[in-house]
file model-v7.csv (CSV, C-alpha atoms)
chain,number,residue,atom,x,y,z
V,1,MET,CA,-33.7,24.9,8.1
V,2,ALA,CA,-34.2,25.6,11.8
V,3,TYR,CA,-33.2,23.0,14.3
V,4,ARG,CA,-36.2,21.2,15.8
V,5,THR,CA,-36.4,21.1,19.5
V,6,PRO,CA,-38.2,17.9,20.6
V,7,THR,CA,-40.2,17.7,23.8
V,8,VAL,CA,-38.6,15.6,26.5
V,9,ALA,CA,-40.1,14.7,29.9
V,10,VAL,CA,-37.7,13.4,32.6
V,11,VAL,CA,-40.1,11.3,34.8
V,12,ILE,CA,-38.8,10.2,38.2
V,13,LEU,CA,-41.0,7.5,39.9
V,14,ASN,CA,-40.7,7.9,43.6
V,15,TRP,CA,-41.7,5.6,46.5
V,16,ASN,CA,-40.5,6.6,49.9
V,17,GLY,CA,-37.4,8.1,48.4
V,18,ARG,CA,-37.4,11.6,50.0
V,19,ARG,CA,-33.6,11.2,50.8
V,20,TRP,CA,-32.8,10.4,47.1
V,21,LEU,CA,-35.0,13.3,45.9
V,22,GLU,CA,-33.3,15.7,48.3
V,23,GLN,CA,-29.8,14.5,47.2
V,24,PHE,CA,-30.3,14.1,43.4
V,25,LEU,CA,-33.2,16.1,42.2
V,26,PRO,CA,-31.1,19.3,42.2
V,27,SER,CA,-28.6,17.8,39.7
V,28,VAL,CA,-31.5,16.7,37.4
V,29,LEU,CA,-33.0,20.2,37.4
V,30,GLN,CA,-29.6,21.8,36.9
V,31,HIS,CA,-28.5,19.7,34.0
V,32,SER,CA,-31.8,19.2,32.2
V,33,PRO,CA,-32.6,22.8,31.1
V,34,THR,CA,-34.5,21.8,27.9
V,35,ALA,CA,-36.6,19.1,29.5
V,36,GLN,CA,-39.6,19.1,31.8
V,37,VAL,CA,-38.8,17.3,35.0
V,38,ILE,CA,-41.7,15.5,36.6
V,39,VAL,CA,-42.0,13.4,39.8
V,40,ALA,CA,-44.6,10.7,40.0
V,41,ASP,CA,-45.3,9.5,43.5
V,42,ASN,CA,-46.3,5.8,44.1
V,43,ALA,CA,-48.3,6.5,47.2
V,44,SER,CA,-45.3,7.1,49.4
V,45,SER,CA,-45.8,6.8,53.2
V,46,ASP,CA,-42.8,9.0,54.0
V,47,ASP,CA,-42.7,12.8,53.6
V,48,SER,CA,-41.7,12.8,50.0
V,49,VAL,CA,-44.7,14.7,48.8
V,50,PRO,CA,-44.7,17.5,51.5
V,51,PHE,CA,-41.0,17.9,50.8
V,52,LEU,CA,-41.5,18.3,47.1
V,53,LYS,CA,-44.4,20.7,47.5
V,54,GLN,CA,-42.4,22.9,49.9
V,55,LYS,CA,-38.9,22.8,48.3
V,56,TYR,CA,-39.8,22.3,44.6
V,57,PRO,CA,-43.3,23.8,43.9
V,58,GLU,CA,-42.3,24.4,40.3
V,59,VAL,CA,-41.8,20.6,39.7
V,60,PRO,CA,-45.0,19.0,38.4
V,61,LEU,CA,-46.1,16.2,40.7
V,62,ILE,CA,-48.2,13.2,39.7
V,63,LEU,CA,-49.9,11.6,42.7
V,64,LEU,CA,-50.8,7.9,42.2
V,65,PRO,CA,-53.5,6.5,44.5
V,66,GLU,CA,-51.6,3.4,45.4
V,67,ASN,CA,-48.2,1.8,45.1
V,68,TYR,CA,-48.4,0.2,41.6
V,69,GLY,CA,-44.8,-0.9,41.6
V,70,PHE,CA,-42.2,0.3,39.1
V,71,CYS,CA,-43.9,-1.1,36.0
V,72,GLU,CA,-47.6,0.0,36.3
V,73,GLY,CA,-46.5,3.0,38.3
V,74,TYR,CA,-44.7,4.3,35.2
V,75,ASN,CA,-47.6,3.2,32.9
V,76,GLN,CA,-50.0,5.2,35.0
V,77,ALA,CA,-47.8,8.2,35.3
V,78,LEU,CA,-46.8,8.4,31.6
V,79,ARG,CA,-50.4,8.4,30.5
V,80,GLN,CA,-50.5,11.8,32.1
V,81,VAL,CA,-47.4,13.1,30.4
V,82,GLU,CA,-47.3,14.8,27.0
V,83,ALA,CA,-43.9,14.6,25.3
V,84,GLU,CA,-42.2,13.1,22.3
V,85,TYR,CA,-39.5,11.4,24.4
V,86,PHE,CA,-39.7,10.0,27.9
V,87,MET,CA,-36.7,9.6,30.2
V,88,LEU,CA,-37.5,7.1,32.9
V,89,LEU,CA,-35.1,8.0,35.7
V,90,ASN,CA,-34.5,6.4,39.1
V,91,SER,CA,-34.6,8.7,42.0
V,92,ASP,CA,-31.1,7.6,43.1
V,93,VAL,CA,-29.3,8.8,40.0
V,94,GLU,CA,-26.9,11.7,39.7
V,95,VAL,CA,-26.8,13.2,36.2
V,96,THR,CA,-24.1,15.2,34.6
V,97,THR,CA,-23.8,18.2,32.3
V,98,ASN,CA,-25.4,17.7,28.9
V,99,TRP,CA,-26.4,14.2,29.8
V,100,LEU,CA,-29.6,14.3,27.7
V,101,ASP,CA,-28.2,16.0,24.5
V,102,PRO,CA,-26.4,12.9,23.0
V,103,LEU,CA,-29.4,10.7,23.7
V,104,VAL,CA,-31.9,13.1,22.1
V,105,THR,CA,-29.6,13.6,19.1
V,106,LEU,CA,-29.2,9.8,18.6
V,107,LEU,CA,-32.9,9.1,18.4
V,108,GLU,CA,-33.7,12.3,16.4
V,109,GLN,CA,-31.2,11.2,13.7
V,110,ASN,CA,-32.1,7.5,13.7
V,111,PRO,CA,-35.9,6.8,13.6
V,112,GLN,CA,-35.3,3.1,13.8
V,113,ILE,CA,-33.9,3.4,17.3
V,114,ALA,CA,-36.6,3.3,19.9
V,115,ALA,CA,-34.6,3.5,23.1
V,116,CYS,CA,-31.2,4.0,24.5
V,117,GLN,CA,-29.2,4.4,27.7
V,118,PRO,CA,-26.2,6.4,28.8
V,119,LYS,CA,-23.1,5.1,30.5
V,120,ILE,CA,-24.1,4.0,34.0
V,121,LYS,CA,-21.3,4.3,36.6
V,122,SER,CA,-21.3,3.6,40.3
V,123,PHE,CA,-22.1,6.6,42.6
V,124,HIS,CA,-20.1,5.0,45.5
V,125,GLN,CA,-17.2,3.8,43.3
V,126,ARG,CA,-17.1,6.4,40.6
V,127,SER,CA,-14.3,4.9,38.6
V,128,HIS,CA,-16.3,1.7,37.9
V,129,PHE,CA,-19.5,0.8,36.1
V,130,GLU,CA,-22.7,0.2,38.1
V,131,TYR,CA,-24.5,-3.1,38.2
V,132,ALA,CA,-27.9,-2.0,36.7
V,133,GLY,CA,-27.0,-1.4,33.1
V,134,ALA,CA,-23.3,-0.5,33.0
V,135,ALA,CA,-22.5,0.0,29.3
V,136,GLY,CA,-25.6,-1.7,27.8
V,137,GLY,CA,-27.4,-5.0,28.3
V,138,PHE,CA,-27.2,-8.4,26.6
V,139,LEU,CA,-28.9,-11.8,27.1
V,140,ASP,CA,-27.1,-15.2,26.9
V,141,ALA,CA,-28.4,-18.4,25.3
V,142,TYR,CA,-30.7,-19.1,28.3
V,143,GLY,CA,-31.9,-15.6,28.9
V,144,TYR,CA,-29.5,-14.5,31.7
V,145,PRO,CA,-28.9,-10.8,31.5
V,146,PHE,CA,-25.4,-9.3,31.6
V,147,CYS,CA,-23.8,-6.1,30.5
V,148,ARG,CA,-20.8,-4.6,28.8
V,149,GLY,CA,-18.8,-3.6,31.9
V,150,ARG,CA,-20.6,-6.0,34.2
V,151,LEU,CA,-20.7,-9.8,34.3
V,152,PHE,CA,-22.8,-11.0,37.3
V,153,ASP,CA,-21.1,-9.3,40.3
V,154,THR,CA,-17.9,-8.3,38.6
V,155,LEU,CA,-17.8,-4.6,37.7
V,156,GLU,CA,-15.2,-3.3,35.3
V,157,GLU,CA,-13.3,0.0,35.8
V,158,ASP,CA,-14.2,2.6,33.2
V,159,GLN,CA,-11.0,3.1,31.2
V,160,GLY,CA,-12.7,4.5,28.1
V,161,GLN,CA,-13.3,1.0,26.7
V,162,TYR,CA,-17.0,1.7,26.3
V,163,ASP,CA,-17.1,5.3,25.1
V,164,ASP,CA,-18.7,4.2,21.9
V,165,VAL,CA,-22.3,4.2,20.5
V,166,ARG,CA,-23.5,0.6,20.0
V,167,PRO,CA,-26.6,-1.4,19.6
V,168,VAL,CA,-27.5,-3.6,22.5
V,169,PHE,CA,-30.3,-6.0,23.5
V,170,TRP,CA,-31.6,-4.0,26.4
V,171,ALA,CA,-31.2,-0.6,28.0
V,172,THR,CA,-31.5,-0.2,31.7
V,173,GLY,CA,-34.7,0.9,33.4
V,174,ALA,CA,-32.7,3.0,35.8
V,175,CYS,CA,-32.1,5.6,33.1
V,176,LEU,CA,-34.2,4.7,30.0
V,177,PHE,CA,-34.6,7.2,27.2
V,178,ILE,CA,-37.4,6.1,24.9
V,179,ARG,CA,-39.7,7.4,22.2
V,180,ALA,CA,-43.2,7.9,23.6
V,181,SER,CA,-44.8,6.5,20.5
V,182,ALA,CA,-42.7,3.3,20.6
V,183,TYR,CA,-43.3,2.9,24.4
V,184,TRP,CA,-47.1,2.8,23.8
V,185,GLN,CA,-46.8,0.8,20.5
V,186,ALA,CA,-45.0,-1.9,22.5
V,187,GLY,CA,-47.7,-1.7,25.3
V,188,GLY,CA,-45.6,0.0,27.9
V,189,LEU,CA,-44.0,-1.9,30.8
V,190,GLU,CA,-45.4,-5.3,31.8
V,191,LYS,CA,-47.5,-4.5,34.9
V,192,GLU,CA,-47.4,-8.1,36.3
V,193,PHE,CA,-43.6,-7.9,36.6
V,194,PHE,CA,-44.1,-5.2,39.3
V,195,ALA,CA,-40.3,-4.6,39.2
V,196,HIS,CA,-37.1,-6.2,37.8
V,197,MET,CA,-36.5,-7.5,34.3
V,198,GLU,CA,-39.2,-5.1,33.0
V,199,GLU,CA,-36.9,-3.1,30.8
V,200,ILE,CA,-35.5,-6.2,29.2
V,201,ASP,CA,-39.0,-7.4,28.4
V,202,LEU,CA,-39.9,-4.0,26.9
V,203,CYS,CA,-36.7,-3.8,24.8
V,204,TRP,CA,-37.3,-7.4,23.6
V,205,ARG,CA,-40.8,-6.4,22.5
V,206,LEU,CA,-39.4,-3.4,20.7
V,207,GLN,CA,-36.9,-5.5,18.9
V,208,ASN,CA,-39.7,-7.9,17.8
V,209,LEU,CA,-41.4,-4.8,16.4
V,210,GLY,CA,-38.4,-4.0,14.3
V,211,TYR,CA,-36.8,-1.3,16.4
V,212,GLN,CA,-33.2,-1.1,17.7
V,213,ILE,CA,-31.9,-0.4,21.2
V,214,TYR,CA,-28.7,1.5,21.8
V,215,TYR,CA,-26.1,2.5,24.3
V,216,HIS,CA,-24.5,5.9,24.1
V,217,GLY,CA,-21.1,6.2,25.8
V,218,GLN,CA,-20.9,10.0,25.5
V,219,SER,CA,-23.5,10.5,28.2
V,220,THR,CA,-22.8,9.6,31.8
V,221,VAL,CA,-24.8,9.2,35.0
V,222,TYR,CA,-24.0,7.8,38.4
V,223,HIS,CA,-26.4,5.4,40.1
V,224,VAL,CA,-26.5,4.4,43.7
V,225,GLY,CA,-28.4,1.2,43.1
V,226,GLY,CA,-30.5,-0.9,45.5
V,227,GLY,CA,-32.3,2.2,46.7
V,228,THR,CA,-35.7,0.4,47.0
V,229,LEU,CA,-34.7,-3.3,47.3
V,230,PRO,CA,-31.2,-4.2,48.4
V,231,LYS,CA,-29.4,-6.7,46.2
V,232,ALA,CA,-29.4,-9.5,48.7
V,233,ASN,CA,-33.2,-9.7,49.3
V,234,PRO,CA,-35.5,-12.7,48.9
V,235,ARG,CA,-38.2,-10.4,47.4
V,236,LYS,CA,-35.7,-9.4,44.7
V,237,THR,CA,-34.7,-13.0,44.1
V,238,PHE,CA,-38.4,-13.9,43.7
V,239,LEU,CA,-39.0,-11.2,41.2
V,240,ASN,CA,-35.9,-11.9,39.2
V,241,PHE,CA,-36.6,-15.6,38.9
V,242,ARG,CA,-40.3,-15.4,38.2
V,243,ASN,CA,-39.9,-12.5,35.8
V,244,GLY,CA,-37.0,-14.3,34.1
V,245,ALA,CA,-39.2,-17.2,33.3
V,246,ALA,CA,-42.1,-15.0,32.1
V,247,LEU,CA,-39.7,-13.0,30.0
V,248,LEU,CA,-38.7,-16.1,28.0
V,249,TYR,CA,-42.2,-17.4,27.8
V,250,LYS,CA,-43.6,-14.1,26.5
V,251,ASN,CA,-41.0,-13.3,23.9
V,252,LEU,CA,-39.2,-16.4,22.5
V,253,ALA,CA,-40.0,-17.7,19.0
V,254,PRO,CA,-42.3,-20.8,19.0
V,255,GLN,CA,-39.5,-23.1,17.7
V,256,GLU,CA,-37.1,-22.1,20.5
V,257,LEU,CA,-39.5,-21.7,23.4
V,258,ASN,CA,-39.5,-25.1,25.0
V,259,GLN,CA,-35.8,-25.9,24.8
V,260,ILE,CA,-34.6,-22.5,26.1
V,261,LEU,CA,-37.3,-22.1,28.7
V,262,TYR,CA,-37.0,-25.5,30.3
V,263,THR,CA,-33.2,-25.4,30.3
V,264,ARG,CA,-33.4,-22.1,32.1
V,265,LEU,CA,-35.8,-23.6,34.7
V,266,VAL,CA,-33.3,-26.4,35.3
V,267,LEU,CA,-30.5,-23.9,35.7
V,268,ASP,CA,-32.7,-22.0,38.2
V,269,GLY,CA,-33.0,-25.3,40.1
V,270,VAL,CA,-29.2,-25.5,40.2
V,271,ALA,CA,-29.0,-22.0,41.6
V,272,ALA,CA,-31.6,-23.0,44.3
V,273,ALA,CA,-29.4,-26.0,45.2
V,274,GLN,CA,-26.4,-23.8,45.6
V,275,TYR,CA,-28.4,-21.5,48.0
V,276,PHE,CA,-29.5,-24.7,49.9
V,277,LEU,CA,-25.9,-25.8,50.3
V,278,LYS,CA,-25.0,-22.3,51.7
V,279,GLY,CA,-27.9,-22.5,54.1
V,280,GLU,CA,-29.6,-19.5,52.5
V,281,TRP,CA,-33.1,-20.9,53.0
V,282,LYS,CA,-35.1,-17.8,52.2
V,283,GLU,CA,-33.4,-17.6,48.8
V,284,VAL,CA,-34.4,-21.2,48.1
V,285,GLN,CA,-38.0,-20.5,49.1
V,286,ALA,CA,-38.0,-17.4,46.9
V,287,ILE,CA,-36.9,-19.4,43.8
V,288,TYR,CA,-39.5,-22.1,44.6
V,289,LYS,CA,-42.2,-19.5,45.0
V,290,ALA,CA,-41.1,-17.8,41.8
V,291,HIS,CA,-41.5,-21.0,39.7
V,292,ARG,CA,-44.8,-21.9,41.4
V,293,GLN,CA,-46.2,-18.4,40.7
V,294,PHE,CA,-44.9,-18.5,37.1
V,295,PHE,CA,-46.7,-21.8,36.4
V,296,ALA,CA,-49.9,-20.6,38.3
V,297,GLY,CA,-50.0,-17.6,36.0
V,298,GLN,CA,-49.7,-19.6,32.7
V,299,LYS,CA,-53.1,-18.4,31.5
V,300,TYR,CA,-52.1,-14.8,31.9
V,301,TRP,CA,-48.7,-15.2,30.3
V,302,LYS,CA,-50.2,-17.2,27.4
V,303,THR,CA,-52.6,-14.3,26.7
V,304,ARG,CA,-49.8,-11.8,26.8
V,305,ARG,CA,-47.7,-14.0,24.4
V,306,GLN,CA,-50.7,-14.3,22.0
V,307,GLU,CA,-51.2,-10.5,22.1
V,308,ALA,CA,-47.7,-9.9,20.6
V,309,SER,CA,-47.7,-9.5,16.9
V,310,VAL,CA,-44.4,-11.4,16.4
V,311,GLN,CA,-41.7,-13.3,18.2
V,312,LYS,CA,-38.5,-13.3,16.2
V,313,PRO,CA,-35.9,-16.1,16.3
V,314,THR,CA,-33.1,-15.2,18.7
V,315,ARG,CA,-30.5,-15.2,15.8
V,316,LEU,CA,-32.3,-12.1,14.5
V,317,LEU,CA,-32.1,-10.2,17.8
V,318,THR,CA,-29.2,-7.8,18.4
V,319,GLY,CA,-27.5,-8.6,21.7
V,320,TRP,CA,-28.7,-12.2,22.1
V,321,VAL,CA,-25.5,-14.2,22.7
V,322,PRO,CA,-25.6,-17.9,21.7
V,323,GLN,CA,-23.4,-19.1,24.5
V,324,SER,CA,-23.9,-19.7,28.2
V,325,VAL,CA,-22.4,-16.8,30.1
V,326,VAL,CA,-23.0,-18.7,33.3
V,327,TRP,CA,-20.6,-21.4,32.1
V,328,GLN,CA,-18.1,-18.8,30.8
V,329,TYR,CA,-18.1,-16.9,34.1
V,330,PHE,CA,-18.3,-19.5,36.8
V,331,VAL,CA,-16.5,-22.5,35.1
V,332,LYS,CA,-14.1,-20.9,32.7
V,333,GLY,CA,-13.4,-17.8,34.8
V,334,LYS,CA,-14.1,-15.2,32.2
V,335,LYS,CA,-14.9,-12.1,34.3
V,336,LYS,CA,-14.9,-9.3,31.6
V,337,PHE,CA,-17.1,-8.7,28.7
V,338,SER,CA,-14.1,-8.5,26.3
V,339,ALA,CA,-13.1,-12.1,27.4
V,340,LEU,CA,-16.4,-13.5,25.9
V,341,ASP,CA,-15.3,-12.6,22.4
V,342,ILE,CA,-18.7,-11.3,21.4
V,343,PRO,CA,-18.7,-9.4,18.1
V,344,ASP,CA,-20.2,-6.0,18.3
V,345,ARG,CA,-22.6,-4.9,15.6
V,346,THR,CA,-21.6,-1.8,13.5
V,347,PRO,CA,-21.2,1.2,15.8
V,348,LEU,CA,-22.4,4.7,15.1
V,349,PRO,CA,-19.9,7.6,15.4
V,350,ALA,CA,-19.4,8.7,19.0

call {"tool": "encode", "arguments": {"input": "model-v7.csv", "output": "structure tokens"}}
result
Amino acid sequence: MAYRTPTVAVVILNWNGRRWLEQFLPSVLQHSPTAQVIVADNASSDDSVPFLKQKYPEVPLILLPENYGFCEGYNQALRQVEAEYFMLLNSDVEVTTNWLDPLVTLLEQNPQIAACQPKIKSFHQRSHFEYAGAAGGFLDAYGYPFCRGRLFDTLEEDQGQYDDVRPVFWATGACLFIRASAYWQAGGLEKEFFAHMEEIDLCWRLQNLGYQIYYHGQSTVYHVGGGTLPKANPRKTFLNFRNGAALLYKNLAPQELNQILYTRLVLDGVAAAQYFLKGEWKEVQAIYKAHRQFFAGQKYWKTRRQEASVQKPTRLLTGWVPQSVVWQYFVKGKKKFSALDIPDRTPLPA
């Protein structure tokens, strides 16, 4: 029987990222010979579009009429793409030889897997994992995200400890490989998130639909990170806290919703108090604004929750960890994923 070659579209969503396209698009084109590489532009005001038209006329270009943000930008762009698999790739990512092959093979051989990510390493510190995704994402008992290879701001050195193939809770949006059919079945990315936490929400909805999410340690990319919004930015703080609350409200099972959500909101208040004591007033205001907007949007979030076909109890979700990683990290001083003593589900052969 002849080997089937599936169609893969690598879609880079760009917004004022000409410098990243100039630096990293060549590696994507070089190392993705079997995929179609597409750039979708989110109404950039820099010279990204003229640059692409002049230097890369062979690369299909989707021009969006306004800046829809990361989430709706991808939804709008992917509606114009025909492929069996989408690779949502940040513009500030350097890919490596054969980076796509292990991901394609994994999903081709395992129909129950909807999405996966490669190993995400730091472009500027190439021996270490990168913040946005590292070696696959998890959620703690109150919905705080963390990764194998990254707990809060502590990044592990890559010593081969995560060269495996493992199920996780969420795969990073910086380099997300996903079945097109599953993407649309789950409803795509949540447009009201705009950016941040959107991939966790999508992967949660996919798990609720019965799919699995995976990490593949035999594929590696290097991510700059913070290309659009720097890590220390009140806008990013606002999006993370608002979207974190909405994430829980949308996806938690009814019997767990109130306890987990309101504990999380209290913990958010503790974080605001810490910012206050440090004199970081803009961060305090960002958290207050995030909670205010979350509650103001209750009607919308309730509708989105009702539209979901099912919300599974967290005990049935791969990668939901029934302990407080905040407590383990900040109080007990556990700085590595291995120190949390979290049992991995059965791996696949690497």

call {"tool": "closest_residue", "arguments": {"input": "model-v7.csv", "among": "V:Tyr222, V:Trp281, V:Tyr142, V:Phe123", "to": "V:Leu265", "atoms": "all atoms listed in the file"}}
result
V:Tyr142

call {"tool": "closest_atom_pairs", "arguments": {"input": "model-v7.csv", "of": "stretch 8-44 of chain V", "to": "stretch 84-104 of chain V", "cutoff": "9 Å", "atoms": "all atoms listed in the file", "output": "Markdown table"}}
result
| residue | atom | partner | partner_atom | distance |
| --- | --- | --- | --- | --- |
| V:Val8 | CA | V:Tyr85 | CA | 4.8 |
| V:Ala9 | CA | V:Phe86 | CA | 5.1 |
| V:Val10 | CA | V:Met87 | CA | 4.6 |
| V:Val11 | CA | V:Leu88 | CA | 5.3 |
| V:Ile12 | CA | V:Leu89 | CA | 5.0 |
| V:Leu13 | CA | V:Asn90 | CA | 6.6 |
| V:Asn14 | CA | V:Ser91 | CA | 6.4 |
| V:Trp15 | CA | V:Ser91 | CA | 9.0 |
| V:Gly17 | CA | V:Ser91 | CA | 7.0 |
| V:Arg18 | CA | V:Ser91 | CA | 9.0 |
| V:Arg19 | CA | V:Asp92 | CA | 8.9 |
| V:Trp20 | CA | V:Asp92 | CA | 5.2 |
| V:Leu21 | CA | V:Ser91 | CA | 6.0 |
| V:Gln23 | CA | V:Asp92 | CA | 8.1 |
| V:Phe24 | CA | V:Glu94 | CA | 5.6 |
| V:Leu25 | CA | V:Ser91 | CA | 7.5 |
| V:Ser27 | CA | V:Val95 | CA | 6.1 |
| V:Val28 | CA | V:Val95 | CA | 6.0 |
| V:Gln30 | CA | V:Thr97 | CA | 8.2 |
| V:His31 | CA | V:Thr97 | CA | 5.2 |
| V:Ser32 | CA | V:Leu100 | CA | 7.0 |
| V:Thr34 | CA | V:Leu100 | CA | 9.0 |
| V:Ala35 | CA | V:Leu100 | CA | 8.7 |

call {"tool": "write_last_selection", "arguments": {"input": "model-v7.csv", "atoms": "C-alpha atoms", "output": "CSV table (one decimal), in the frame of the given file"}}
result
chain,number,residue,atom,x,y,z
V,8,VAL,CA,-38.6,15.6,26.5
V,9,ALA,CA,-40.1,14.7,29.9
V,10,VAL,CA,-37.7,13.4,32.6
V,11,VAL,CA,-40.1,11.3,34.8
V,12,ILE,CA,-38.8,10.2,38.2
V,13,LEU,CA,-41.0,7.5,39.9
V,14,ASN,CA,-40.7,7.9,43.6
V,15,TRP,CA,-41.7,5.6,46.5
V,17,GLY,CA,-37.4,8.1,48.4
V,18,ARG,CA,-37.4,11.6,50.0
V,19,ARG,CA,-33.6,11.2,50.8
V,20,TRP,CA,-32.8,10.4,47.1
V,21,LEU,CA,-35.0,13.3,45.9
V,23,GLN,CA,-29.8,14.5,47.2
V,24,PHE,CA,-30.3,14.1,43.4
V,25,LEU,CA,-33.2,16.1,42.2
V,27,SER,CA,-28.6,17.8,39.7
V,28,VAL,CA,-31.5,16.7,37.4
V,30,GLN,CA,-29.6,21.8,36.9
V,31,HIS,CA,-28.5,19.7,34.0
V,32,SER,CA,-31.8,19.2,32.2
V,34,THR,CA,-34.5,21.8,27.9
V,35,ALA,CA,-36.6,19.1,29.5

call {"tool": "residues_near_point", "arguments": {"input": "model-v7.csv", "point": "(-33.9, -26.6, 40.6)", "cutoff": "6 Å", "atoms": "all atoms listed in the file", "output": "PyMOL selection string"}}
result
chain V and resi 266+268-270+272

call {"tool": "residues_around", "arguments": {"input": "model-v7.csv", "residues": "V:Phe238", "least_positions_apart": "2", "cutoff": "8 Å", "atoms": "all atoms listed in the file", "output": "JSON, numbers by chain"}}
result
{"V": [234, 235, 236, 240, 241, 242, 286, 287, 289, 290]}

call {"tool": "residues_around", "arguments": {"input": "model-v7.csv", "residues": "V:Glu22", "least_positions_apart": "6", "cutoff": "10 Å", "atoms": "only C-alpha atoms", "output": "PyMOL selection string"}}
result
chain V and resi 48+51-52+55-56+91-92

call {"tool": "write_last_selection", "arguments": {"input": "model-v7.csv", "atoms": "C-alpha atoms", "output": "short mmCIF file (atom, residue, chain, number, x, y, z; two decimals), in the frame of the given file"}}
result
data_model
loop_
_atom_site.label_atom_id
_atom_site.label_comp_id
_atom_site.auth_asym_id
_atom_site.auth_seq_id
_atom_site.Cartn_x
_atom_site.Cartn_y
_atom_site.Cartn_z
CA SER V 48 -41.70 12.80 50.00
CA PHE V 51 -41.00 17.90 50.80
CA LEU V 52 -41.50 18.30 47.10
CA LYS V 55 -38.90 22.80 48.30
CA TYR V 56 -39.80 22.30 44.60
CA SER V 91 -34.60 8.70 42.00
CA ASP V 92 -31.10 7.60 43.10
#

call {"tool": "atom_distance", "arguments": {"input": "model-v7.csv", "atom1": "atom CA of V:Gln311", "atom2": "atom CA of V:Gln207"}}
result
9.2 Å

call {"tool": "atom_distance", "arguments": {"input": "model-v7.csv", "atom1": "atom CA of V:Gly225", "atom2": "atom CA of V:His128"}}
result
13.2 Å

call {"tool": "atom_distance", "arguments": {"input": "model-v7.csv", "atom1": "atom CA of V:Arg305", "atom2": "atom CA of V:Ala77"}}
result
24.7 Å

call {"tool": "closest_residue", "arguments": {"input": "model-v7.csv", "among": "V:Asn243, V:Ser338, V:Gln54, V:Ser122", "to": "V:Val221", "atoms": "only C-alpha atoms"}}
result
V:Ser122

call {"tool": "closest_residue", "arguments": {"input": "model-v7.csv", "among": "V:Ile113, V:Val81, V:Val224, V:Ile38", "to": "V:Phe129", "atoms": "only C-alpha atoms"}}
result
V:Val224

call {"tool": "residues_around", "arguments": {"input": "model-v7.csv", "residues": "V:Leu209", "least_positions_apart": "4", "cutoff": "10 Å", "atoms": "only C-alpha atoms", "output": "list of chain:residue names"}}
result
V:Ala182, V:Gln185, V:Ala186, V:Cys203, V:Trp204, V:Arg205, V:Ala308, V:Ser309, V:Val310, V:Gln311, V:Lys312

call {"tool": "closest_residue", "arguments": {"input": "model-v7.csv", "among": "V:Lys334, V:Gln306, V:Gly143, V:Gln328", "to": "V:Arg264", "atoms": "only C-alpha atoms"}}
result
V:Gly143

call {"tool": "closest_residue", "arguments": {"input": "model-v7.csv", "among": "V:Ala171, V:Val326, V:Cys71, V:Val321", "to": "V:Lys191", "atoms": "all atoms listed in the file"}}
result
V:Cys71

call {"tool": "closest_residue", "arguments": {"input": "model-v7.csv", "among": "V:Lys302, V:Arg126, V:Lys278, V:Lys119", "to": "V:Arg148", "atoms": "all atoms listed in the file"}}
result
V:Lys119

call {"tool": "residues_around", "arguments": {"input": "model-v7.csv", "residues": "V:Glu72", "least_positions_apart": "5", "cutoff": "10 Å", "atoms": "only C-alpha atoms", "output": "list in words"}}
result
Asn42, Asn67, Ala77, Leu78, Gly188, Leu189, Glu190, Lys191, Glu192, Phe193, Phe194 and Ala195 of chain V

call {"tool": "residues_around", "arguments": {"input": "model-v7.csv", "residues": "stretch 149-151 of chain V", "least_positions_apart": "2", "cutoff": "12 Å", "atoms": "all atoms listed in the file", "output": "VMD selection string"}}
result
chain V and resid 119 to 122 127 to 140 144 to 147 153 to 163 217 325 to 330 333 to 340

call {"tool": "write_last_selection", "arguments": {"input": "model-v7.csv", "atoms": "C-alpha atoms", "output": "short mmCIF file (atom, residue, chain, number, x, y, z; two decimals), keeping the file's coordinate frame"}}
result
data_model
loop_
_atom_site.label_atom_id
_atom_site.label_comp_id
_atom_site.auth_asym_id
_atom_site.auth_seq_id
_atom_site.Cartn_x
_atom_site.Cartn_y
_atom_site.Cartn_z
CA LYS V 119 -23.10 5.10 30.50
CA ILE V 120 -24.10 4.00 34.00
CA LYS V 121 -21.30 4.30 36.60
CA SER V 122 -21.30 3.60 40.30
CA SER V 127 -14.30 4.90 38.60
CA HIS V 128 -16.30 1.70 37.90
CA PHE V 129 -19.50 0.80 36.10
CA GLU V 130 -22.70 0.20 38.10
CA TYR V 131 -24.50 -3.10 38.20
CA ALA V 132 -27.90 -2.00 36.70
CA GLY V 133 -27.00 -1.40 33.10
CA ALA V 134 -23.30 -0.50 33.00
CA ALA V 135 -22.50 0.00 29.30
CA GLY V 136 -25.60 -1.70 27.80
CA GLY V 137 -27.40 -5.00 28.30
CA PHE V 138 -27.20 -8.40 26.60
CA LEU V 139 -28.90 -11.80 27.10
CA ASP V 140 -27.10 -15.20 26.90
CA TYR V 144 -29.50 -14.50 31.70
CA PRO V 145 -28.90 -10.80 31.50
CA PHE V 146 -25.40 -9.30 31.60
CA CYS V 147 -23.80 -6.10 30.50
CA ASP V 153 -21.10 -9.30 40.30
CA THR V 154 -17.90 -8.30 38.60
CA LEU V 155 -17.80 -4.60 37.70
CA GLU V 156 -15.20 -3.30 35.30
CA GLU V 157 -13.30 0.00 35.80
CA ASP V 158 -14.20 2.60 33.20
CA GLN V 159 -11.00 3.10 31.20
CA GLY V 160 -12.70 4.50 28.10
CA GLN V 161 -13.30 1.00 26.70
CA TYR V 162 -17.00 1.70 26.30
CA ASP V 163 -17.10 5.30 25.10
CA GLY V 217 -21.10 6.20 25.80
CA VAL V 325 -22.40 -16.80 30.10
CA VAL V 326 -23.00 -18.70 33.30
CA TRP V 327 -20.60 -21.40 32.10
CA GLN V 328 -18.10 -18.80 30.80
CA TYR V 329 -18.10 -16.90 34.10
CA PHE V 330 -18.30 -19.50 36.80
CA GLY V 333 -13.40 -17.80 34.80
CA LYS V 334 -14.10 -15.20 32.20
CA LYS V 335 -14.90 -12.10 34.30
CA LYS V 336 -14.90 -9.30 31.60
CA PHE V 337 -17.10 -8.70 28.70
CA SER V 338 -14.10 -8.50 26.30
CA ALA V 339 -13.10 -12.10 27.40
CA LEU V 340 -16.40 -13.50 25.90
#
